[in-house]
>>> print(open('upload_8.cif').read())   # mmCIF, C-alpha atoms and all ligand atoms
data_upload
#
loop_
_atom_site.label_atom_id
_atom_site.label_comp_id
_atom_site.auth_asym_id
_atom_site.auth_seq_id
_atom_site.Cartn_x
_atom_site.Cartn_y
_atom_site.Cartn_z
CA MET Y 18 41.19 37.28 -80.28
CA ALA Y 19 38.48 39.65 -81.52
CA GLN Y 20 38.57 41.96 -78.52
CA ASP Y 21 42.28 42.69 -79.02
CA LEU Y 22 41.70 44.19 -82.48
CA PRO Y 23 40.88 47.85 -83.17
CA VAL Y 24 37.14 48.46 -82.90
CA ARG Y 25 36.42 48.85 -86.67
CA HIS Y 26 38.33 45.77 -87.68
CA ASN Y 27 36.83 43.96 -84.75
CA ILE Y 28 33.30 44.73 -85.94
CA LEU Y 29 34.05 43.77 -89.56
CA MET Y 30 35.51 40.49 -88.46
CA MET Y 31 32.56 39.68 -86.25
CA LYS Y 32 30.18 40.52 -89.10
CA ARG Y 33 32.00 38.20 -91.47
CA ARG Y 34 31.67 35.40 -89.00
CA ASP Y 35 28.05 36.22 -88.38
CA TRP Y 36 28.78 37.35 -84.87
CA ILE Y 37 27.22 40.54 -83.58
CA THR Y 38 26.34 43.04 -86.31
CA GLY Y 39 28.07 46.45 -86.35
CA THR Y 40 25.30 48.38 -84.66
CA ALA Y 41 24.74 45.71 -82.10
CA ALA Y 42 28.45 45.51 -81.35
CA LEU Y 43 28.59 49.23 -80.65
CA ALA Y 44 25.49 48.97 -78.49
CA ALA Y 45 26.99 45.99 -76.72
CA GLN Y 46 30.25 47.83 -76.14
CA ALA Y 47 28.44 50.87 -74.76
CA ALA Y 48 25.86 48.92 -72.84
CA VAL Y 49 27.34 47.24 -69.92
CA ALA Y 50 30.68 47.88 -68.29
CA GLN Y 51 30.20 50.45 -65.58
CA THR Y 52 32.12 51.26 -62.52
CA GLY Y 53 30.70 50.83 -59.09
CA GLY Y 54 33.65 52.58 -57.39
CA GLY Y 55 33.18 52.47 -53.64
CA LYS Y 56 29.48 51.69 -54.02
CA ASN Y 57 27.36 48.73 -53.13
CA VAL Y 58 26.52 46.90 -56.36
CA VAL Y 59 24.14 43.99 -56.82
CA ILE Y 60 23.47 42.28 -60.14
CA ALA Y 61 21.22 39.36 -61.01
CA SER Y 62 19.50 37.55 -63.84
CA ALA Y 63 16.52 39.44 -65.29
CA ASN Y 64 14.09 37.84 -62.82
CA GLY Y 65 16.09 39.47 -60.00
CA LEU Y 66 14.83 43.06 -59.83
CA ARG Y 67 13.28 42.45 -56.41
CA ALA Y 68 16.24 40.35 -55.30
CA CYS Y 69 18.67 43.15 -56.21
CA ALA Y 70 16.60 45.71 -54.32
CA ALA Y 71 16.37 43.53 -51.21
CA ALA Y 72 20.08 42.71 -51.28
CA ALA Y 73 21.03 46.36 -51.83
CA GLU Y 74 18.92 47.35 -48.83
CA ILE Y 75 20.79 44.86 -46.63
CA LEU Y 76 24.16 46.05 -47.93
CA LYS Y 77 23.12 49.65 -47.18
CA ARG Y 78 22.53 48.65 -43.57
CA GLY Y 79 26.03 47.11 -43.43
CA GLY Y 80 24.88 43.49 -43.78
CA ASP Y 81 27.08 40.69 -44.99
CA THR Y 82 27.32 40.29 -48.78
CA LEU Y 83 26.22 36.63 -48.74
CA ASP Y 84 23.32 37.28 -46.34
CA ALA Y 85 22.26 40.08 -48.68
CA VAL Y 86 22.17 38.05 -51.91
CA ILE Y 87 20.55 35.05 -50.21
CA ALA Y 88 17.80 37.25 -48.78
CA GLY Y 89 17.37 38.60 -52.31
CA VAL Y 90 16.93 35.23 -54.03
CA ASN Y 91 14.70 33.94 -51.21
CA ILE Y 92 12.03 36.21 -52.72
CA ASN Y 93 12.11 34.14 -55.93
CA GLU Y 94 12.49 30.84 -54.12
CA GLU Y 95 9.36 31.48 -52.05
CA ASP Y 96 7.33 32.95 -54.89
CA PRO Y 97 4.90 30.34 -56.31
CA GLU Y 98 4.64 32.41 -59.49
CA ASP Y 99 8.33 32.02 -60.32
CA ASN Y 100 8.22 28.63 -62.00
CA SER Y 101 11.97 28.26 -62.39
CA VAL Y 102 13.11 28.55 -58.78
CA GLY Y 103 12.16 26.98 -55.44
CA TYR Y 104 8.47 26.67 -54.49
CA GLY Y 105 6.33 26.40 -57.65
CA GLY Y 106 9.34 25.39 -59.78
CA LEU Y 107 8.45 23.08 -62.67
CA PRO Y 108 9.11 19.47 -61.63
CA ASN Y 109 11.09 16.59 -63.06
CA GLU Y 110 9.52 14.05 -65.42
CA GLU Y 111 7.91 12.27 -62.45
CA GLY Y 112 6.24 15.41 -61.14
CA VAL Y 113 8.70 15.95 -58.28
CA VAL Y 114 10.33 19.35 -57.75
CA GLU Y 115 14.10 18.94 -57.35
CA LEU Y 116 16.18 21.99 -56.54
CA ASP Y 117 19.84 22.95 -56.99
CA ALA Y 118 21.66 25.86 -55.31
CA SER Y 119 25.13 27.11 -54.50
CA VAL Y 120 26.63 29.95 -52.49
CA MET Y 121 30.11 31.46 -52.24
CA HIS Y 122 31.20 33.83 -49.50
CA GLY Y 123 34.10 35.96 -50.70
CA PRO Y 124 35.34 37.31 -47.36
CA THR Y 125 35.91 33.82 -45.95
CA ARG Y 126 36.62 32.16 -49.33
CA ARG Y 127 34.10 29.42 -48.62
CA ALA Y 128 31.48 27.61 -50.68
CA GLY Y 129 28.47 25.38 -50.15
CA SER Y 130 25.93 23.71 -52.39
CA VAL Y 131 23.03 21.30 -52.61
CA ALA Y 132 21.74 19.40 -55.61
CA SER Y 133 18.52 17.50 -56.35
CA ILE Y 134 17.13 18.44 -52.96
CA GLN Y 135 13.39 17.88 -52.49
CA GLY Y 136 10.82 19.45 -50.17
CA VAL Y 137 12.73 22.56 -49.06
CA LYS Y 138 11.64 25.90 -50.47
CA THR Y 139 14.92 27.72 -49.95
CA PRO Y 140 17.85 25.55 -51.08
CA SER Y 141 20.13 28.61 -51.03
CA LYS Y 142 19.80 28.66 -47.22
CA VAL Y 143 20.65 24.96 -47.05
CA ALA Y 144 23.70 25.57 -49.26
CA LYS Y 145 24.83 28.24 -46.81
CA LEU Y 146 24.30 25.80 -43.94
CA VAL Y 147 26.44 23.20 -45.72
CA MET Y 148 29.11 25.88 -46.12
CA GLU Y 149 29.00 27.03 -42.51
CA GLN Y 150 28.04 24.00 -40.46
CA SER Y 151 29.49 21.00 -42.24
CA ASP Y 152 32.94 19.90 -43.23
CA HIS Y 153 31.71 19.36 -46.79
CA VAL Y 154 31.00 21.59 -49.77
CA MET Y 155 28.21 19.73 -51.56
CA LEU Y 156 25.31 17.51 -50.48
CA VAL Y 157 22.87 15.88 -52.88
CA GLY Y 158 19.43 14.27 -52.97
CA GLU Y 159 18.07 12.49 -49.93
CA GLY Y 160 21.20 13.26 -47.88
CA ALA Y 161 20.80 16.98 -48.53
CA GLY Y 162 17.13 16.78 -47.52
CA ARG Y 163 17.91 14.92 -44.30
CA TYR Y 164 20.65 17.43 -43.49
CA ALA Y 165 18.20 20.31 -43.97
CA ARG Y 166 15.57 18.63 -41.79
CA ALA Y 167 18.18 18.05 -39.07
CA TYR Y 168 18.51 21.83 -38.92
CA GLY Y 169 14.76 22.36 -38.69
CA PHE Y 170 13.87 23.04 -42.33
CA ARG Y 171 10.27 22.01 -42.90
CA GLN Y 172 9.52 19.31 -45.48
CA GLU Y 173 6.91 20.81 -47.80
CA ASN Y 174 5.21 19.94 -51.06
CA LEU Y 175 6.80 22.31 -53.56
CA LEU Y 176 4.51 21.38 -56.43
CA THR Y 177 1.89 24.11 -56.81
CA GLU Y 178 -1.40 23.40 -58.59
CA LYS Y 179 -0.17 25.49 -61.49
CA SER Y 180 3.05 23.51 -61.88
CA ARG Y 181 1.18 20.22 -61.44
CA LEU Y 182 -1.15 21.21 -64.26
CA ALA Y 183 1.77 22.09 -66.55
CA TRP Y 184 3.41 18.76 -65.73
CA LEU Y 185 0.23 16.78 -66.52
CA VAL Y 186 -0.23 18.65 -69.77
CA TRP Y 187 3.38 17.76 -70.65
CA LYS Y 188 2.74 14.10 -69.71
CA GLN Y 189 -0.29 14.08 -71.98
CA SER Y 190 1.65 15.66 -74.82
CA GLN Y 191 4.15 12.77 -75.12
CA ARG Y 192 3.37 10.27 -77.90
CA ASP Y 193 4.75 6.94 -79.05
CA GLY Y 194 5.35 6.19 -82.74
CA GLY Y 195 1.65 5.37 -83.16
CA GLY Y 196 0.55 8.63 -81.55
CA HIS Y 197 -0.49 6.87 -78.34
CA ASN Y 198 -0.07 8.00 -74.75
CA ASN Y 199 -1.17 6.05 -71.66
CA TRP Y 200 -1.90 9.29 -69.80
CA THR Y 201 -4.72 10.32 -72.11
CA ASP Y 202 -8.13 8.75 -72.70
CA GLY Y 203 -7.79 5.42 -74.41
CA LEU Y 204 -9.14 3.55 -77.40
CA ASP Y 205 -12.47 3.18 -75.61
CA ALA Y 206 -13.01 6.96 -75.47
CA PRO Y 207 -16.29 8.04 -77.10
CA ALA Y 208 -15.80 9.11 -80.71
CA GLY Y 209 -14.76 12.71 -81.18
CA LYS Y 210 -13.01 13.04 -77.84
CA ALA Y 211 -9.57 13.24 -79.39
CA THR Y 212 -6.98 14.00 -76.76
CA GLY Y 213 -4.30 16.65 -76.87
CA LYS Y 214 -6.74 19.15 -78.40
CA PRO Y 215 -7.64 22.29 -76.45
CA SER Y 216 -11.13 20.89 -75.87
CA ALA Y 217 -9.64 17.72 -74.33
CA LEU Y 218 -7.44 19.81 -72.07
CA ARG Y 219 -10.46 21.80 -70.93
CA ARG Y 220 -12.31 18.58 -70.12
CA ALA Y 221 -9.35 17.15 -68.21
CA PHE Y 222 -8.80 20.34 -66.21
CA PRO Y 223 -12.26 21.90 -65.80
CA GLU Y 224 -11.11 24.22 -63.00
CA ALA Y 225 -8.35 25.83 -65.07
CA GLY Y 226 -9.06 28.99 -67.03
CA GLU Y 227 -8.15 29.46 -70.69
CA GLU Y 228 -5.09 31.53 -69.87
CA LEU Y 229 -3.69 28.93 -67.49
CA LEU Y 230 -4.27 26.12 -69.99
CA ALA Y 231 -2.56 28.08 -72.75
CA TRP Y 232 0.39 28.71 -70.42
CA ALA Y 233 0.60 25.03 -69.47
CA ALA Y 234 0.45 23.97 -73.12
CA GLU Y 235 3.28 26.38 -73.91
CA MET Y 236 5.38 25.00 -70.99
CA ALA Y 237 4.84 21.49 -72.38
CA ARG Y 238 5.70 22.51 -75.94
CA ARG Y 239 8.71 24.64 -75.08
CA PRO Y 240 10.07 23.68 -71.66
CA PRO Y 241 11.31 26.93 -70.19
CA ALA Y 242 14.68 27.69 -68.66
CA GLY Y 243 15.05 29.79 -65.56
CA THR Y 244 17.16 30.26 -62.48
CA ILE Y 245 18.30 33.19 -60.42
CA ASN Y 246 21.93 34.15 -60.04
CA CYS Y 247 22.73 37.11 -57.79
CA LEU Y 248 26.13 38.67 -57.08
CA GLY Y 249 26.65 41.37 -54.45
CA ARG Y 250 29.58 43.62 -53.65
CA ASN Y 251 29.76 46.13 -50.82
CA ALA Y 252 31.57 49.46 -50.58
CA LYS Y 253 34.52 47.69 -48.92
CA GLY Y 254 34.95 45.55 -52.05
CA GLU Y 255 33.73 42.33 -50.41
CA ILE Y 256 31.82 40.08 -52.76
CA SER Y 257 29.55 37.01 -52.55
CA GLY Y 258 27.19 35.15 -54.83
CA VAL Y 259 24.34 32.67 -55.02
CA THR Y 260 22.63 30.67 -57.76
CA THR Y 261 19.38 28.79 -57.16
CA THR Y 262 17.02 26.92 -59.48
CA SER Y 263 14.53 24.14 -60.04
CA GLY Y 264 16.63 23.22 -63.07
CA LEU Y 265 15.28 22.18 -66.43
CA ALA Y 266 11.57 21.40 -66.54
CA TRP Y 267 10.71 17.71 -67.04
CA LYS Y 268 14.31 16.62 -66.41
CA ILE Y 269 15.27 13.02 -65.63
CA PRO Y 270 15.08 12.60 -61.84
CA GLY Y 271 18.54 13.13 -60.39
CA ARG Y 272 19.68 15.40 -63.22
CA VAL Y 273 21.97 18.08 -61.83
CA GLY Y 274 22.54 21.30 -63.74
CA ASP Y 275 25.25 23.90 -63.48
CA SER Y 276 23.71 25.97 -60.68
CA PRO Y 277 25.08 23.94 -57.74
CA ILE Y 278 28.44 23.27 -59.41
CA ILE Y 279 31.05 25.56 -57.93
CA GLY Y 280 32.97 26.95 -60.90
CA ALA Y 281 30.08 26.49 -63.37
CA GLY Y 282 26.87 28.13 -62.12
CA LEU Y 283 28.77 30.26 -59.63
CA PHE Y 284 32.30 31.27 -58.77
CA VAL Y 285 33.69 33.99 -56.51
CA ASP Y 286 37.31 34.84 -55.92
CA PRO Y 287 37.55 37.79 -53.53
CA ASP Y 288 40.81 38.92 -55.22
CA VAL Y 289 39.07 39.25 -58.58
CA GLY Y 290 35.27 39.14 -58.51
CA GLY Y 291 32.39 36.78 -59.12
CA ALA Y 292 30.40 35.27 -61.96
CA GLY Y 293 27.27 33.20 -62.41
CA SER Y 294 25.00 31.80 -65.06
CA THR Y 295 21.46 30.97 -66.11
CA GLY Y 296 20.35 28.91 -69.08
CA ARG Y 297 21.19 25.43 -70.30
CA GLY Y 298 23.46 24.12 -67.58
CA GLU Y 299 24.89 21.25 -69.60
CA GLU Y 300 26.70 23.75 -71.84
CA ASN Y 301 28.02 25.71 -68.90
CA ILE Y 302 29.41 22.66 -67.10
CA ARG Y 303 31.43 21.78 -70.20
CA VAL Y 304 33.26 25.14 -70.10
CA ALA Y 305 33.31 25.58 -66.29
CA GLY Y 306 31.77 28.95 -67.11
CA ALA Y 307 31.84 30.99 -63.90
CA HIS Y 308 35.40 29.95 -63.10
CA THR Y 309 36.50 30.66 -66.68
CA ILE Y 310 34.99 34.15 -66.46
CA VAL Y 311 36.67 34.96 -63.15
CA GLU Y 312 39.98 33.75 -64.57
CA ASN Y 313 39.43 35.91 -67.67
CA MET Y 314 38.88 38.91 -65.40
CA ARG Y 315 41.99 38.02 -63.42
CA HIS Y 316 43.92 38.27 -66.68
CA GLY Y 317 42.55 41.71 -67.44
CA MET Y 318 39.30 41.25 -69.35
CA SER Y 319 36.31 43.41 -68.46
CA PRO Y 320 33.37 41.50 -66.96
CA LYS Y 321 31.44 41.81 -70.24
CA ASP Y 322 34.35 40.59 -72.40
CA ALA Y 323 35.06 37.79 -69.94
CA CYS Y 324 31.45 36.60 -70.37
CA LEU Y 325 31.61 36.90 -74.18
CA ASP Y 326 34.81 34.88 -74.28
CA CYS Y 327 33.13 32.12 -72.31
CA LEU Y 328 30.20 32.13 -74.75
CA LYS Y 329 32.67 31.74 -77.62
CA ARG Y 330 33.97 28.58 -75.95
CA ILE Y 331 30.42 27.24 -75.83
CA SER Y 332 29.91 28.16 -79.48
CA ARG Y 333 33.19 26.43 -80.31
CA ASN Y 334 31.92 23.22 -78.69
CA TYR Y 335 29.29 23.19 -81.46
CA GLY Y 336 31.71 24.10 -84.26
CA ASP Y 337 30.00 27.55 -84.25
CA ASP Y 338 26.99 25.88 -85.87
CA ARG Y 339 24.15 28.41 -85.52
CA GLU Y 340 21.49 25.81 -86.07
CA ARG Y 341 22.49 23.69 -83.10
CA LEU Y 342 23.31 26.74 -80.99
CA GLY Y 343 19.80 27.99 -81.80
CA LYS Y 344 18.32 25.15 -79.77
CA PHE Y 345 19.36 26.66 -76.44
CA ASP Y 346 20.33 29.85 -74.70
CA ILE Y 347 22.66 30.72 -71.87
CA LYS Y 348 23.64 33.92 -70.07
CA PHE Y 349 26.56 34.90 -67.89
CA TYR Y 350 26.77 37.65 -65.27
CA ALA Y 351 30.00 39.04 -63.83
CA LEU Y 352 30.93 41.55 -61.15
CA SER Y 353 34.48 42.56 -60.37
CA LYS Y 354 35.68 43.29 -56.86
CA ASP Y 355 35.94 46.95 -57.95
CA GLY Y 356 32.24 47.04 -58.74
CA VAL Y 357 32.50 46.86 -62.54
CA PHE Y 358 29.77 44.61 -63.90
CA GLY Y 359 28.67 43.07 -67.18
CA SER Y 360 26.57 40.34 -68.67
CA ALA Y 361 26.46 38.52 -71.97
CA SER Y 362 23.99 36.19 -73.57
CA LEU Y 363 24.53 33.60 -76.30
CA TRP Y 364 21.57 35.10 -78.19
CA ASN Y 365 20.41 38.72 -78.32
CA GLY Y 366 16.99 37.72 -77.05
CA SER Y 367 14.19 35.22 -77.29
CA MET Y 368 11.08 35.27 -79.43
CA ARG Y 369 7.85 35.91 -77.55
CA GLN Y 370 4.61 36.16 -79.50
CA GLY Y 371 6.47 37.00 -82.70
CA LYS Y 372 8.53 39.72 -81.04
CA LEU Y 373 12.10 39.66 -79.87
CA ALA Y 374 12.39 40.12 -76.10
CA PRO Y 375 15.95 41.41 -75.53
CA ALA Y 376 18.32 39.50 -73.26
CA GLN Y 377 18.61 41.52 -70.07
CA PHE Y 378 19.94 41.43 -66.53
CA ALA Y 379 19.08 43.24 -63.31
CA VAL Y 380 21.25 45.82 -61.57
CA ASN Y 381 21.05 47.81 -58.37
CA ASP Y 382 23.92 50.19 -57.65
CA GLY Y 383 21.93 52.53 -55.43
CA GLY Y 384 18.31 53.62 -55.76
CA LYS Y 385 15.88 51.54 -57.79
CA SER Y 386 16.77 48.27 -59.49
CA ARG Y 387 16.79 48.42 -63.28
CA LEU Y 388 17.16 46.08 -66.25
CA GLU Y 389 20.06 46.51 -68.66
CA ASP Y 390 20.61 44.82 -72.01
CA CYS Y 391 23.11 41.98 -72.06
CA ALA Y 392 25.90 41.99 -74.63
CA PHE Y 393 25.46 39.04 -76.95
CA LEU Y 394 27.33 36.70 -79.23
CA LEU Y 395 24.70 35.80 -81.81
CA GLU Y 396 21.82 37.73 -83.27
CA ARG Y 397 18.38 36.30 -83.79
CA LYS Y 398 16.21 38.30 -86.20
CA PRO Y 399 12.49 38.62 -85.44
N1 LIG B 1 20.97 26.64 -65.45
C1 LIG B 1 19.84 25.89 -65.00
C2 LIG B 1 20.12 24.43 -65.11
O1 LIG B 1 20.69 24.01 -66.10
C3 LIG B 1 18.57 26.15 -65.73
C4 LIG B 1 18.29 27.54 -66.17
O2 LIG B 1 18.96 28.47 -65.80
O3 LIG B 1 17.34 27.70 -66.91
O4 LIG B 1 19.70 23.70 -64.25
#
>>> encode(input="upload_8.cif", output="structure tokens", more="lines below")
Ligand code: ASP
Amino acid sequence: MAQDLPVRHNILMMKRRDWITGTAALAAQAAVAQTGGGKNVVIASANGLRACAAAAEILKRGGDTLDAVIAGVNINEEDPEDNSVGYGGLPNEEGVVELDASVMHGPTRRAGSVASIQGVKTPSKVAKLVMEQSDHVMLVGEGAGRYARAYGFRQENLLTEKSRLAWLVWKQSQRDGGGHNNWTDGLDAPAGKATGKPSALRRAFPEAGEELLAWAAEMARRPPAGTINCLGRNAKGEISGVTTTSGLAWKIPGRVGDSPIIGAGLFVDPDVGGAGSTGRGEENIRVAGAHTIVENMRHGMSPKDACLDCLKRISRNYGDDRERLGKFDIKFYALSKDGVFGSASLWNGSMRQGKLAPAQFAVNDGGKSRLEDCAFLLERKP
């Protein structure tokens, strides 16, 4: 395997295969693995700066590792501006927000999860309830919702006006072979009122400003990915994790991603460490990513190398075909029980307005949360 070779040979080999370039490999090697020693360490996906800070604060006060990371991700779940998690998450193809979440508590070696749950802002809390109060590990759909309501969770409409707008714009953007769509003005529309154009969008959504319409059009054109994974370890070496998401935008109702799958979107083994993921869940499920990473760490790999190895398995599933791999992205995050952490992304970053936004993850190991660059398997040039 590449990581067993001397560094120079390793880099040459990766270059030949179009893996990470030499400079990037050195940067990747230097970037991530750090030791937390006896410290509290919290890591998360890049949308988790606030989550890491909140979780670190709870760990500082001696709180439980799972309570800490759940309190962290609750910030994203309750934030209507985070359109990939909880309240305000982008809905399924019928305009209904369906959420997935999982938790693992290292100290008691337990797990809980919910999938396709509707109407509850904080599925991570319901996953914890399943773990603690039921004799099951996973509840889905209507059953998960009923279970949450039995414990007093309020049934709420999770579709914000912003997400509803994005969904309608997506509905209007779909076309049959003849360019027709029943959700736009029909054949009887006055001449010149062609739908799908910015002017038609403005007419259909007069209240929405230009910026919001441009955002919604972008969400329809390029359905975003997003989720939060958060892993926390305290000074005693206890570790827990959580992953929570609204899943892929415009998904088929009932679609379940990797986030609630124990061993894919999240895995914690208190003897080794924990791992989690964000990005296209279908790819992760096929390699049981988080479990694979924890097993890699058990066999001696650093968290960063364990994540890279898992990405290579995903790449292998596509015959290492860059073109097909270019159609999605996925990131892994790993934290060992000793507080060493790392993260790796399939791609070095994503293109935003012609610029490459680097793949990053959030860390708090005392003081302020910060973003660090992920290691990566493949390089996308601006
Ligand atoms: N992993 C999530 C899912 O597949 C989505 C994401 O992270 O973007 O449901």
>>> residues_near_point(input="upload_8.cif", point="(30.2, 47.0, -44.9)", cutoff="10 Å", atoms="all atoms listed in the file", output="PyMOL selection string")
chain Y and resi 57+75-82+250-255
>>> write_last_selection(input="upload_8.cif", atoms="C-alpha atoms", output="short mmCIF file (atom, residue, chain, number, x, y, z; two decimals), in the frame of the given file")
data_model
loop_
_atom_site.label_atom_id
_atom_site.label_comp_id
_atom_site.auth_asym_id
_atom_site.auth_seq_id
_atom_site.Cartn_x
_atom_site.Cartn_y
_atom_site.Cartn_z
CA ASN Y 57 27.36 48.73 -53.13
CA ILE Y 75 20.79 44.86 -46.63
CA LEU Y 76 24.16 46.05 -47.93
CA LYS Y 77 23.12 49.65 -47.18
CA ARG Y 78 22.53 48.65 -43.57
CA GLY Y 79 26.03 47.11 -43.43
CA GLY Y 80 24.88 43.49 -43.78
CA ASP Y 81 27.08 40.69 -44.99
CA THR Y 82 27.32 40.29 -48.78
CA ARG Y 250 29.58 43.62 -53.65
CA ASN Y 251 29.76 46.13 -50.82
CA ALA Y 252 31.57 49.46 -50.58
CA LYS Y 253 34.52 47.69 -48.92
CA GLY Y 254 34.95 45.55 -52.05
CA GLU Y 255 33.73 42.33 -50.41
#
>>> atom_distance(input="upload_8.cif", atom1="CA of Ala376 (chain Y)", atom2="CA of Ile331 (chain Y)")
17.4 Å
>>> residues_around(input="upload_8.cif", residues="Gly249 (chain Y)", least_positions_apart="6", cutoff="6 Å", atoms="all atoms listed in the file", output="count of residues only")
5
>>> residues_near_point(input="upload_8.cif", point="(22.1, 22.7, -52.8)", cutoff="8 Å", atoms="only C-alpha atoms", output="JSON, numbers by chain")
{"Y": [116, 117, 118, 119, 129, 130, 131, 132, 133, 134, 140, 141, 143, 144, 155, 156, 157, 161, 261, 277]}
>>> write_last_selection(input="upload_8.cif", atoms="C-alpha atoms", output="compact mmCIF listing (two decimals), keeping the file's coordinate frame")
# COMPACT_ATOMS: atom_id res chain seq x y z
CA LEU Y 116 16.18 21.99 -56.54
CA ASP Y 117 19.84 22.95 -56.99
CA ALA Y 118 21.66 25.86 -55.31
CA SER Y 119 25.13 27.11 -54.50
CA GLY Y 129 28.47 25.38 -50.15
CA SER Y 130 25.93 23.71 -52.39
CA VAL Y 131 23.03 21.30 -52.61
CA ALA Y 132 21.74 19.40 -55.61
CA SER Y 133 18.52 17.50 -56.35
CA ILE Y 134 17.13 18.44 -52.96
CA PRO Y 140 17.85 25.55 -51.08
CA SER Y 141 20.13 28.61 -51.03
CA VAL Y 143 20.65 24.96 -47.05
CA ALA Y 144 23.70 25.57 -49.26
CA MET Y 155 28.21 19.73 -51.56
CA LEU Y 156 25.31 17.51 -50.48
CA VAL Y 157 22.87 15.88 -52.88
CA ALA Y 161 20.80 16.98 -48.53
CA THR Y 261 19.38 28.79 -57.16
CA PRO Y 277 25.08 23.94 -57.74
>>> closest_atom_pairs(input="upload_8.cif", of="chain Y", to="ligand LIG 1 (chain B)", cutoff="7 Å", atoms="all atoms listed in the file", output="tab-separated table")
residue	atom	partner	partner_atom	distance
Y:Pro241	CA	B:LIG1	O3	6.9
Y:Ala242	CA	B:LIG1	O3	3.2
Y:Gly243	CA	B:LIG1	O3	3.4
Y:Thr244	CA	B:LIG1	O2	4.2
Y:Thr262	CA	B:LIG1	C1	6.3
Y:Ser263	CA	B:LIG1	O4	6.7
Y:Gly264	CA	B:LIG1	O4	3.3
Y:Leu265	CA	B:LIG1	O4	5.2
Y:Val273	CA	B:LIG1	O4	6.5
Y:Gly274	CA	B:LIG1	O4	3.8
Y:Asp275	CA	B:LIG1	O1	5.3
Y:Ser276	CA	B:LIG1	N1	5.5
Y:Gly282	CA	B:LIG1	N1	6.9
Y:Ser294	CA	B:LIG1	N1	6.6
Y:Thr295	CA	B:LIG1	O2	3.5
Y:Gly296	CA	B:LIG1	O2	3.6
Y:Arg297	CA	B:LIG1	O1	4.5
Y:Gly298	CA	B:LIG1	O1	3.1
Y:Glu299	CA	B:LIG1	O1	6.1
>>> write_last_selection(input="upload_8.cif", atoms="C-alpha atoms", output="mmCIF file, in the coordinates of the input")
data_model
loop_
_atom_site.group_PDB
_atom_site.id
_atom_site.type_symbol
_atom_site.label_atom_id
_atom_site.label_comp_id
_atom_site.auth_asym_id
_atom_site.auth_seq_id
_atom_site.Cartn_x
_atom_site.Cartn_y
_atom_site.Cartn_z
ATOM 1 C CA PRO Y 241 11.310 26.930 -70.190
ATOM 2 C CA ALA Y 242 14.680 27.690 -68.660
ATOM 3 C CA GLY Y 243 15.050 29.790 -65.560
ATOM 4 C CA THR Y 244 17.160 30.260 -62.480
ATOM 5 C CA THR Y 262 17.020 26.920 -59.480
ATOM 6 C CA SER Y 263 14.530 24.140 -60.040
ATOM 7 C CA GLY Y 264 16.630 23.220 -63.070
ATOM 8 C CA LEU Y 265 15.280 22.180 -66.430
ATOM 9 C CA VAL Y 273 21.970 18.080 -61.830
ATOM 10 C CA GLY Y 274 22.540 21.300 -63.740
ATOM 11 C CA ASP Y 275 25.250 23.900 -63.480
ATOM 12 C CA SER Y 276 23.710 25.970 -60.680
ATOM 13 C CA GLY Y 282 26.870 28.130 -62.120
ATOM 14 C CA SER Y 294 25.000 31.800 -65.060
ATOM 15 C CA THR Y 295 21.460 30.970 -66.110
ATOM 16 C CA GLY Y 296 20.350 28.910 -69.080
ATOM 17 C CA ARG Y 297 21.190 25.430 -70.300
ATOM 18 C CA GLY Y 298 23.460 24.120 -67.580
ATOM 19 C CA GLU Y 299 24.890 21.250 -69.600
#
